[in-house]
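J.: Just run15.txt, nothing more (compact mmCIF, C-alpha atoms and all ligand atoms):
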```txt
# COMPACT_ATOMS: atom_id res chain seq x y z
CA MET A 544 -23.52 -18.79 -38.66
CA LEU A 545 -21.23 -19.09 -41.62
CA ASP A 546 -21.79 -22.32 -43.48
CA ILE A 547 -18.15 -22.73 -44.43
CA ARG A 548 -16.21 -25.61 -42.97
CA THR A 549 -12.69 -25.15 -41.62
CA LYS A 550 -10.24 -28.01 -41.81
CA THR A 551 -11.50 -30.79 -39.55
CA SER A 552 -8.77 -30.45 -36.96
CA LEU A 553 -9.83 -26.89 -36.01
CA SER A 554 -13.14 -28.01 -34.49
CA GLU A 555 -11.34 -29.16 -31.33
CA ILE A 556 -9.00 -26.17 -31.06
CA VAL A 557 -9.54 -23.02 -28.99
CA SER A 558 -7.52 -19.91 -29.71
CA TYR A 559 -4.85 -18.88 -27.21
CA PRO A 560 -6.33 -16.95 -24.24
CA LEU A 561 -4.53 -13.62 -24.55
CA GLY A 562 -6.34 -12.28 -21.48
CA GLU A 563 -7.29 -8.73 -20.65
CA SER A 564 -5.05 -5.88 -21.66
CA LEU A 565 -3.21 -3.97 -18.95
CA GLU A 566 -5.50 -1.00 -19.63
CA GLU A 567 -8.62 -3.14 -19.06
CA ILE A 568 -7.18 -4.52 -15.83
CA LYS A 569 -6.44 -0.99 -14.58
CA GLN A 570 -10.02 0.09 -15.20
CA LYS A 571 -11.60 -3.06 -13.77
CA TYR A 572 -9.73 -2.89 -10.46
CA HIS A 573 -9.45 0.94 -10.30
CA LEU A 574 -5.66 0.85 -10.31
CA GLN A 575 -3.24 3.70 -11.03
CA ALA A 576 -0.56 1.37 -12.31
CA VAL A 577 0.01 -2.31 -12.91
CA ARG A 578 3.12 -4.49 -12.92
CA LYS A 579 3.20 -6.92 -15.84
CA MET A 580 4.55 -10.14 -14.39
CA SER A 581 2.80 -12.55 -16.69
CA ASP A 582 4.78 -13.20 -19.87
CA ASN A 583 8.40 -13.92 -18.87
CA GLU A 584 9.84 -10.93 -20.70
CA ASN A 585 13.13 -9.43 -19.52
CA VAL A 586 12.30 -6.70 -17.00
CA TYR A 587 15.68 -5.06 -17.75
CA GLY A 588 14.75 -4.47 -21.37
CA CYS A 589 17.39 -4.98 -24.06
CA SER A 590 20.96 -3.89 -24.75
CA GLU A 591 21.59 -0.25 -25.74
CA GLN A 592 23.41 -1.63 -28.79
CA VAL A 593 20.13 -3.12 -29.98
CA LYS A 594 18.44 0.29 -29.90
CA GLU A 595 21.28 1.81 -31.91
CA ALA A 596 21.11 -0.99 -34.46
CA ILE A 597 17.41 -0.37 -34.98
CA ILE A 598 17.95 3.33 -35.65
CA ASN A 599 20.88 2.65 -37.95
CA ASN A 600 18.88 0.14 -39.97
CA SER A 601 15.73 2.17 -40.39
CA HIS A 602 16.86 3.60 -43.74
CA SER A 603 16.29 0.39 -45.66
CA LEU A 604 12.79 -0.48 -44.54
CA TYR A 605 11.44 -0.14 -48.08
CA LEU A 606 13.40 -3.26 -49.04
CA TYR A 607 12.31 -6.80 -48.30
CA PRO A 608 14.42 -8.34 -45.56
CA ASP A 609 17.07 -10.95 -46.33
CA GLY A 610 15.02 -14.14 -46.70
CA THR A 611 18.13 -16.23 -46.06
CA THR A 612 18.98 -14.36 -42.80
CA ALA A 613 22.63 -14.82 -43.78
CA MET A 614 24.33 -12.32 -41.45
CA LEU A 615 22.60 -13.60 -38.36
CA LYS A 616 23.25 -17.22 -39.28
CA ASN A 617 26.94 -16.45 -39.73
CA LYS A 618 27.05 -14.73 -36.38
CA LEU A 619 25.27 -17.58 -34.62
CA ALA A 620 27.51 -20.14 -36.34
CA GLU A 621 30.51 -18.31 -34.95
CA HIS A 622 28.89 -17.95 -31.53
CA TYR A 623 28.15 -21.68 -31.24
CA LYS A 624 31.04 -22.97 -33.38
CA ILE A 625 28.67 -24.88 -35.63
CA ASP A 626 27.97 -24.96 -39.36
CA LYS A 627 25.62 -22.20 -40.56
CA ASN A 628 23.61 -24.79 -42.49
CA HIS A 629 22.41 -26.12 -39.15
CA ILE A 630 20.65 -22.86 -38.24
CA LEU A 631 17.10 -21.77 -39.03
CA ILE A 632 15.86 -18.30 -38.03
CA GLY A 633 12.17 -17.88 -37.26
CA ASN A 634 9.61 -15.22 -36.50
CA GLY A 635 10.01 -16.18 -32.85
CA SER A 636 10.87 -19.75 -31.94
CA GLU A 637 7.13 -20.28 -31.94
CA GLU A 638 7.25 -20.06 -35.72
CA ILE A 639 9.82 -22.85 -35.78
CA ILE A 640 7.48 -25.06 -33.76
CA ARG A 641 4.77 -24.35 -36.31
CA LEU A 642 7.05 -24.99 -39.29
CA LEU A 643 8.18 -28.29 -37.77
CA THR A 644 4.65 -29.54 -37.28
CA ARG A 645 3.63 -28.22 -40.68
CA ALA A 646 6.44 -30.11 -42.39
CA TYR A 647 6.40 -33.31 -40.35
CA ILE A 648 3.04 -34.06 -38.73
CA ASN A 649 0.67 -36.21 -40.74
CA GLN A 650 -2.84 -37.23 -39.78
CA ASN A 651 -2.53 -39.79 -36.92
CA ASP A 652 1.09 -39.08 -36.17
CA GLU A 653 1.74 -38.82 -32.45
CA ALA A 654 3.71 -36.25 -30.46
CA ILE A 655 4.71 -36.83 -26.85
CA MET A 656 4.91 -33.91 -24.42
CA ALA A 657 4.43 -33.09 -20.75
CA ASP A 658 0.90 -32.32 -19.52
CA ILE A 659 2.02 -28.97 -18.08
CA THR A 660 4.34 -27.32 -20.59
CA PHE A 661 4.43 -24.69 -23.36
CA PRO A 662 0.94 -24.89 -24.93
CA ARG A 663 2.02 -24.19 -28.52
CA TYR A 664 3.33 -27.75 -29.00
CA ASP A 665 -0.14 -29.16 -28.43
CA THR A 666 -1.96 -26.62 -30.60
CA ASN A 667 0.36 -26.90 -33.58
CA VAL A 668 0.42 -30.71 -33.54
CA ARG A 669 -3.38 -30.84 -33.46
CA ILE A 670 -3.83 -28.28 -36.24
CA GLU A 671 -1.97 -30.71 -38.50
CA GLY A 672 -4.21 -33.58 -37.44
CA GLY A 673 -1.69 -35.20 -35.11
CA THR A 674 -2.42 -36.65 -31.69
CA CYS A 675 -0.79 -35.38 -28.50
CA ILE A 676 0.25 -37.89 -25.88
CA LYS A 677 0.51 -36.00 -22.59
CA VAL A 678 2.68 -37.34 -19.82
CA PRO A 679 2.11 -35.85 -16.34
CA LEU A 680 5.03 -34.00 -14.82
CA SER A 681 6.62 -35.68 -11.85
CA ASN A 682 7.24 -33.15 -9.10
CA GLY A 683 7.26 -30.33 -11.66
CA LYS A 684 9.73 -32.10 -13.95
CA HIS A 685 9.46 -34.08 -17.18
CA ASP A 686 8.94 -37.78 -16.48
CA LEU A 687 11.40 -39.00 -19.10
CA GLU A 688 10.94 -42.67 -18.29
CA THR A 689 7.20 -42.60 -18.94
CA MET A 690 7.68 -40.38 -21.98
CA HIS A 691 10.07 -42.93 -23.40
CA ALA A 692 7.64 -45.77 -22.69
CA LYS A 693 4.98 -43.98 -24.81
CA ILE A 694 7.07 -44.08 -27.98
CA ASN A 695 5.73 -46.32 -30.73
CA LYS A 696 5.88 -46.47 -34.53
CA HIS A 697 3.50 -43.49 -34.82
CA THR A 698 5.64 -41.16 -32.68
CA LYS A 699 6.89 -38.35 -34.90
CA MET A 700 8.01 -35.85 -32.25
CA VAL A 701 8.90 -35.63 -28.60
CA PHE A 702 8.89 -32.17 -26.97
CA ILE A 703 11.11 -31.45 -23.99
CA CYS A 704 10.95 -27.92 -22.63
CA ASN A 705 14.16 -27.42 -20.66
CA PRO A 706 13.84 -25.40 -18.44
CA ASN A 707 10.15 -26.15 -18.51
CA ASN A 708 7.67 -23.32 -18.94
CA PRO A 709 5.64 -22.87 -16.67
CA THR A 710 7.39 -24.78 -13.88
CA GLY A 711 10.92 -23.36 -14.33
CA THR A 712 12.48 -26.74 -13.60
CA ILE A 713 15.24 -28.50 -15.56
CA THR A 714 15.65 -32.18 -16.34
CA GLY A 715 18.78 -33.82 -15.02
CA LYS A 716 21.76 -33.81 -17.38
CA GLN A 717 22.48 -37.54 -17.36
CA GLN A 718 18.81 -38.58 -17.56
CA LEU A 719 18.20 -36.29 -20.53
CA LEU A 720 21.28 -37.50 -22.33
CA SER A 721 20.26 -41.17 -21.95
CA PHE A 722 16.74 -40.25 -23.05
CA ILE A 723 17.99 -38.55 -26.23
CA ASP A 724 20.24 -41.53 -26.90
CA GLU A 725 17.32 -43.95 -26.76
CA ILE A 726 14.93 -42.09 -29.07
CA PRO A 727 14.41 -43.94 -32.37
CA LYS A 728 15.95 -42.33 -35.46
CA GLN A 729 12.56 -41.69 -37.06
CA THR A 730 11.35 -39.54 -34.14
CA LEU A 731 12.30 -35.86 -33.83
CA ILE A 732 13.43 -34.63 -30.42
CA VAL A 733 12.45 -30.98 -29.96
CA LEU A 734 14.42 -29.50 -27.09
CA ASP A 735 12.99 -26.07 -26.32
CA GLU A 736 15.60 -24.01 -24.48
CA ALA A 737 13.92 -20.59 -24.48
CA TYR A 738 15.39 -19.83 -21.03
CA TYR A 739 18.83 -21.35 -21.68
CA GLU A 740 20.76 -18.19 -20.76
CA TYR A 741 19.19 -18.01 -17.29
CA VAL A 742 20.22 -21.50 -16.20
CA ALA A 743 22.85 -21.60 -13.47
CA SER A 744 22.71 -25.27 -12.44
CA ASP A 745 25.63 -27.63 -13.13
CA ASN A 746 23.11 -30.37 -13.73
CA TYR A 747 22.00 -28.84 -17.06
CA LEU A 748 22.73 -30.62 -20.33
CA GLN A 749 24.77 -28.64 -22.88
CA SER A 750 22.90 -29.70 -25.98
CA VAL A 751 24.67 -27.94 -28.88
CA PRO A 752 27.61 -30.42 -29.06
CA LEU A 753 25.04 -33.25 -29.39
CA LEU A 754 23.80 -31.96 -32.76
CA LYS A 755 26.51 -33.80 -34.66
CA HIS A 756 25.73 -37.13 -33.00
CA TYR A 757 21.92 -36.96 -33.16
CA PRO A 758 20.53 -35.93 -36.57
CA ASN A 759 16.99 -36.08 -35.12
CA LEU A 760 17.74 -33.45 -32.44
CA ILE A 761 16.32 -29.92 -32.73
CA ILE A 762 17.27 -27.18 -30.27
CA LEU A 763 15.06 -24.07 -30.00
CA ARG A 764 16.28 -20.77 -28.60
CA THR A 765 14.96 -17.23 -28.73
CA PHE A 766 15.74 -13.53 -28.57
CA SER A 767 12.44 -12.92 -26.76
CA LYS A 768 13.52 -13.81 -23.27
CA ILE A 769 16.88 -12.78 -21.82
CA TYR A 770 17.84 -10.78 -24.95
CA GLY A 771 14.76 -8.66 -24.33
CA ILE A 772 13.36 -8.19 -27.84
CA ALA A 773 10.10 -10.14 -27.62
CA GLY A 774 8.35 -7.29 -29.42
CA LEU A 775 10.41 -7.86 -32.57
CA ARG A 776 9.65 -11.60 -32.89
CA ILE A 777 12.82 -13.51 -33.59
CA GLY A 778 14.09 -16.91 -32.48
CA TYR A 779 15.99 -19.81 -33.98
CA GLY A 780 16.39 -23.54 -34.21
CA LEU A 781 19.59 -25.56 -34.45
CA MET A 782 19.16 -28.81 -36.35
CA ASN A 783 20.35 -31.08 -39.11
CA GLU A 784 20.49 -29.42 -42.53
CA GLU A 785 18.23 -32.07 -44.08
CA ILE A 786 15.45 -30.96 -41.73
CA ILE A 787 16.04 -27.31 -42.66
CA LYS A 788 15.77 -28.22 -46.35
CA GLU A 789 12.32 -29.67 -45.75
CA ILE A 790 11.22 -26.74 -43.58
CA ASN A 791 12.29 -24.26 -46.25
CA LYS A 792 9.53 -25.72 -48.45
CA VAL A 793 6.85 -24.57 -45.99
CA LYS A 794 8.47 -21.40 -44.64
CA ASP A 795 7.28 -17.94 -45.68
CA VAL A 796 9.90 -16.37 -47.93
CA PHE A 797 10.51 -13.25 -45.82
CA ASN A 798 9.54 -14.63 -42.43
CA VAL A 799 11.88 -12.50 -40.29
CA ASN A 800 11.72 -8.72 -40.63
CA HIS A 801 14.76 -6.54 -41.22
CA LEU A 802 14.78 -4.74 -37.85
CA ALA A 803 14.50 -8.02 -35.98
CA GLN A 804 17.50 -9.45 -37.85
CA SER A 805 19.61 -6.34 -37.19
CA ALA A 806 18.54 -6.19 -33.56
CA ALA A 807 19.34 -9.86 -32.96
CA LEU A 808 22.83 -9.40 -34.40
CA ALA A 809 23.48 -6.49 -32.05
CA ALA A 810 21.94 -8.39 -29.13
CA LEU A 811 24.27 -11.35 -29.67
CA ASN A 812 27.21 -8.98 -29.73
CA ASP A 813 26.46 -7.73 -26.23
CA GLN A 814 27.00 -10.81 -24.09
CA SER A 815 27.84 -8.69 -21.07
CA PHE A 816 24.23 -7.43 -21.05
CA VAL A 817 23.05 -11.05 -21.03
CA GLN A 818 25.37 -11.99 -18.18
CA GLN A 819 24.31 -8.97 -16.13
CA CYS A 820 20.64 -9.84 -16.55
CA ALA A 821 21.23 -13.48 -15.62
CA ARG A 822 23.13 -12.41 -12.51
CA LYS A 823 20.50 -9.91 -11.37
CA ASN A 824 17.74 -12.41 -12.05
CA LYS A 825 19.46 -15.12 -10.04
CA ALA A 826 19.69 -12.84 -7.02
CA GLU A 827 15.96 -12.10 -7.31
CA ILE A 828 14.99 -15.77 -7.73
CA GLU A 829 16.99 -16.65 -4.65
CA TYR A 830 15.55 -13.77 -2.64
CA VAL A 831 11.93 -14.57 -3.48
CA SER A 832 12.41 -18.36 -3.17
CA GLU A 833 13.87 -17.94 0.30
CA LYS A 834 10.89 -15.89 1.51
CA LEU A 835 8.35 -18.30 0.04
CA THR A 836 10.13 -21.24 1.68
CA GLU A 837 10.13 -19.41 5.00
CA TRP A 838 6.36 -18.84 4.66
CA ASP A 839 5.65 -22.42 3.61
CA ILE A 840 4.30 -21.47 0.18
CA SER A 841 4.85 -24.27 -2.37
CA PHE A 842 6.72 -23.59 -5.61
CA PHE A 843 9.09 -25.39 -7.94
CA PRO A 844 12.80 -24.57 -7.87
CA SER A 845 13.36 -22.33 -10.88
CA GLU A 846 16.29 -21.96 -13.29
CA THR A 847 14.48 -19.17 -15.15
CA ASN A 848 13.08 -15.67 -14.60
CA PHE A 849 9.71 -16.97 -13.37
CA LEU A 850 8.31 -19.04 -10.53
CA TYR A 851 5.44 -21.51 -10.48
CA ILE A 852 3.58 -21.27 -7.19
CA TYR A 853 0.69 -23.45 -5.99
CA SER A 854 -1.38 -22.96 -2.91
CA GLN A 855 -4.75 -23.42 -1.21
CA LEU A 856 -4.86 -19.62 -0.82
CA PRO A 857 -6.46 -17.57 -3.62
CA LEU A 858 -3.16 -15.83 -4.32
CA SER A 859 -3.58 -14.92 -7.98
CA ALA A 860 -6.92 -13.12 -7.49
CA LYS A 861 -5.41 -11.09 -4.66
CA LEU A 862 -2.31 -10.25 -6.71
CA ILE A 863 -4.35 -9.00 -9.65
CA GLU A 864 -6.49 -6.83 -7.33
CA ASN A 865 -3.24 -5.26 -6.17
CA GLY A 866 -2.06 -4.52 -9.68
CA LEU A 867 0.31 -7.47 -10.04
CA VAL A 868 -0.60 -9.18 -13.28
CA VAL A 869 0.43 -12.84 -13.09
CA ARG A 870 -0.51 -15.88 -15.18
CA GLN A 871 -3.14 -17.96 -13.48
CA MET A 872 -2.68 -21.70 -13.91
CA LYS A 873 -4.18 -24.93 -12.64
CA TYR A 874 -2.49 -27.50 -10.48
CA ASN A 875 -4.13 -30.71 -9.34
CA GLY A 876 -5.31 -30.70 -5.76
CA PHE A 877 -4.66 -26.99 -5.20
CA ASN A 878 -7.14 -24.13 -5.28
CA ASP A 879 -4.73 -21.85 -7.01
CA ALA A 880 -1.57 -21.97 -9.07
CA LEU A 881 0.20 -19.15 -10.80
CA ARG A 882 3.28 -18.34 -12.78
CA ILE A 883 4.94 -15.06 -11.88
CA THR A 884 7.68 -13.45 -13.93
CA LEU A 885 10.18 -11.96 -11.53
CA GLY A 886 10.76 -8.26 -11.83
CA LYS A 887 13.18 -5.82 -10.27
CA ARG A 888 13.53 -5.83 -6.50
CA GLU A 889 10.68 -3.32 -6.01
CA ASP A 890 8.29 -5.45 -8.12
CA ASN A 891 9.24 -8.56 -6.19
CA GLU A 892 8.81 -6.74 -2.88
CA ALA A 893 5.33 -5.70 -3.96
CA PHE A 894 4.56 -9.33 -4.74
CA LEU A 895 5.94 -10.59 -1.46
CA ALA A 896 3.97 -7.96 0.46
CA VAL A 897 0.69 -9.28 -0.99
CA VAL A 898 1.62 -12.88 -0.20
CA LYS A 899 2.69 -12.00 3.34
CA GLU A 900 -0.64 -10.34 3.97
CA MET A 901 -2.41 -13.54 3.04
CA ILE A 902 -0.51 -16.08 5.12
C1 LIG A 1001 8.51 -17.72 -24.77
C2 LIG A 1001 8.69 -19.11 -25.19
C3 LIG A 1001 8.81 -19.48 -26.52
C4 LIG A 1001 8.50 -18.58 -27.67
O1 LIG A 1001 9.33 -17.62 -27.85
P1 LIG A 1001 9.30 -16.72 -29.17
O2 LIG A 1001 10.68 -16.87 -29.67
O3 LIG A 1001 8.95 -15.38 -28.67
O4 LIG A 1001 8.29 -17.26 -30.12
C5 LIG A 1001 9.06 -20.78 -26.85
N1 LIG A 1001 9.15 -21.71 -25.90
C6 LIG A 1001 9.01 -21.42 -24.60
C7 LIG A 1001 9.12 -22.49 -23.61
C8 LIG A 1001 8.76 -20.11 -24.20
O5 LIG A 1001 8.57 -19.84 -22.92
```
Would you encode the structure as structure tokens?
T.:
Amino acid sequence: MLDIRTKTSLSEIVSYPLGESLEEIKQKYHLQAVRKMSDNENVYGCSEQVKEAIINNSHSLYLYPDGTTAMLKNKLAEHYKIDKNHILIGNGSEEIIRLLTRAYINQNDEAIMADITFPRYDTNVRIEGGTCIKVPLSNGKHDLETMHAKINKHTKMVFICNPNNPTGTITGKQQLLSFIDEIPKQTLIVLDEAYYEYVASDNYLQSVPLLKHYPNLIILRTFSKIYGIAGLRIGYGLMNEEIIKEINKVKDVFNVNHLAQSAALAALNDQSFVQQCARKNKAEIEYVSEKLTEWDISFFPSETNFLYIYSQLPLSAKLIENGLVVRQMKYNGFNDALRITLGKREDNEAFLAVVKEMI
């Protein structure tokens, strides 16, 4: 044992369970092929324009990337009709979560979040010595009333994942708006909208116009999901420029690599790719949801490219044996819960075939 102490907060933290590699799963279950349906990536890949941009930009790899990410900020400012000073680009939106906690969480500060949500909020708050206040989901959705009731003078951040990962659900437009309106000025509201582009519901709050009314509001979005460039690591936050000024003190100088910046620019330019993916995904979500309903398998209604399913049947073990790699979860009172990223029709048929066999 090394006799070197880490910072105190690390003693309670376990590293993220990355799970077995696809190769290991193939060997373990003697499979020819596996379908990766575990990490919510875009099964349709990315725009052809992105691939071109990467080739065209490969000549300047010897240079450090633009630490100010100016071109992409300009493009996003135009896209959203907001001031470029309200945009922060990160090495994935996960980096923005980390930078926020790094800059704002002090020992004994509190952060409120759902009990079943994106796990990086919890980990990053605790690394900085903060305390997480977890509020159970209500029927797969954020319980905004209880979350609000937990706010006190120590509350530094409130995390709302909308749509929520892993449940795929959204919070109602009016409820979320009233919630944001009632958050004290000294508490940051982190609205994680990683799956924004997939949402089809009319009951979804359009958050960008709220930025000018709520200086404590932070919106997170990413190029990892519908834009299909998770492998490049790039995401962004929209927020008040005073917050960005503080974050710039803790940010790595060249946090976003050159190819990622170029690829994101090209990705934003191809909105028809995004719309096509959203449309195809919606058809798949509806198709799979209908079958599951018909077979009496419980799941939450999803506005994303994944479904959260809970059952007394050992579904996830059976799926993995059949080469369908899903994310196993826990859900109170059920033997099994899983999150499955929807694929193309043939992937989804393979999934449904396994489930049908078990009912
Ligand atoms: C995938 C995901 C992210 C992280 O995305 P990156 O931009 O790849 O870091 C953030 N929040 C939620 C809810 C996600 O599902």
J.: Using all atoms of ligand LIG 1001 (chain A) listed in the file and a margin of 8 Å per side, can you give the axis-aligned box centre and edge lengths in Å to one decimal, as lines of an AutoDock Vina configuration file?
T.:
```
center_x = 9.5
center_y = -18.9
center_z = -26.5
size_x = 18.4
size_y = 23.1
size_z = 23.2
```
J.: Hey, what's within 12 Å of Thr698 (chain A) if we count all atoms listed in the file and toss same-chain stuff fewer than 5 positions away? As a CSV table (one decimal) with C-alpha atoms, in the frame of the given file, please?
T.:
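So the final result, stored in result-v4.csv, reads:
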```csv
chain,number,residue,atom,x,y,z
A,647,TYR,CA,6.4,-33.3,-40.4
A,648,ILE,CA,3.0,-34.1,-38.7
A,649,ASN,CA,0.7,-36.2,-40.7
A,650,GLN,CA,-2.8,-37.2,-39.8
A,651,ASN,CA,-2.5,-39.8,-36.9
A,652,ASP,CA,1.1,-39.1,-36.2
A,653,GLU,CA,1.7,-38.8,-32.4
A,654,ALA,CA,3.7,-36.2,-30.5
A,655,ILE,CA,4.7,-36.8,-26.8
A,656,MET,CA,4.9,-33.9,-24.4
A,668,VAL,CA,0.4,-30.7,-33.5
A,673,GLY,CA,-1.7,-35.2,-35.1
A,674,THR,CA,-2.4,-36.6,-31.7
A,675,CYS,CA,-0.8,-35.4,-28.5
A,676,ILE,CA,0.2,-37.9,-25.9
A,690,MET,CA,7.7,-40.4,-22.0
A,691,HIS,CA,10.1,-42.9,-23.4
A,692,ALA,CA,7.6,-45.8,-22.7
A,693,LYS,CA,5.0,-44.0,-24.8
A,726,ILE,CA,14.9,-42.1,-29.1
A,727,PRO,CA,14.4,-43.9,-32.4
A,728,LYS,CA,16.0,-42.3,-35.5
A,729,GLN,CA,12.6,-41.7,-37.1
A,730,THR,CA,11.4,-39.5,-34.1
A,731,LEU,CA,12.3,-35.9,-33.8
A,732,ILE,CA,13.4,-34.6,-30.4
```
J.: In Å, rounded to a single decimal, give me how far atom O3 of ligand LIG 1001 (chain A) is from CA of Ile625 (chain A).
T.: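 Separating CA of Ile625 (chain A) from atom O3 of ligand LIG 1001 (chain A) is a distance of 23.0 Å.
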J.: Taking into account all atoms listed in the file, which residue in the set A:Glu671, A:Ala646, A:Cys704, A:Glu837 is nearest to Lys792 (chain A)?
T.: A:Ala646
J.: Which polymer residues have any atom within 7 Å of an atom of region 772-778 of chain A, counting only C-alpha atoms, with same-chain residues fewer than 5 positions away left out, as a count of residues only?
T.: 13
J.: So what do you get for CA of Pro709 (chain A) versus CA of Ile659 (chain A), distance-wise?
T.: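 About the pair CA of Pro709 (chain A) and CA of Ile659 (chain A): they are 7.2 Å apart.
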J.: Looking at A:Ser554, A:Asn824, A:Asn848, A:Ser805, which one is nearest to ligand LIG 1001 (chain A), with distances taken over all atoms listed in the file?
T.: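 The shortest atom-to-atom distance to ligand LIG 1001 (chain A) comes from A:Asn848.
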J.: Which residue is closest to Glu591 (chain A)? Choose from A:Asn682, A:Ser815, A:Ser750, A:Gln575 and count all atoms listed in the file.
T.: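 Smallest distance to Glu591 (chain A) is found for A:Ser815.
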J.: Find the residues near Ala860 (chain A): any atom within 10 Å, counting only C-alpha atoms, skip ones fewer than 3 places away on the same chain, and give them as a list in words.
T.: Leu856, Pro857, Ile863, Glu864, Asn865, Leu867, Val868, Val869, Gln871, Asp879 and Leu881 of chain A
J.: For the atom pair CA of Tyr664 (chain A) and CA of Gly876 (chain A), what is the interatomic distance in Å to one decimal place?
T.: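 So the answer is 25.0 Å.
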J.: For Leu862 (chain A), which residue among A:Tyr559, A:Tyr572, A:Tyr757, A:Trp838 is the nearest when counting all atoms listed in the file?
T.: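 Looking at the shortest contact to Leu862 (chain A), the residue is A:Tyr572.
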J.: Let me make sure I understand: among A:Ser681, A:Asn812, A:Asn783, A:Thr884, which one has the smallest atom-to-atom distance to Ser590 (chain A) if we use all atoms listed in the file?
T.: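 Of the candidates, the smallest distance to Ser590 (chain A) is held by A:Asn812.
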J.: Which residue gives the smallest distance to Ala893 (chain A) among A:Ile761, A:Ile703, A:Ile547, A:Arg578, with all atoms listed in the file counted?
T.: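 The closest residue to Ala893 (chain A) is A:Arg578.
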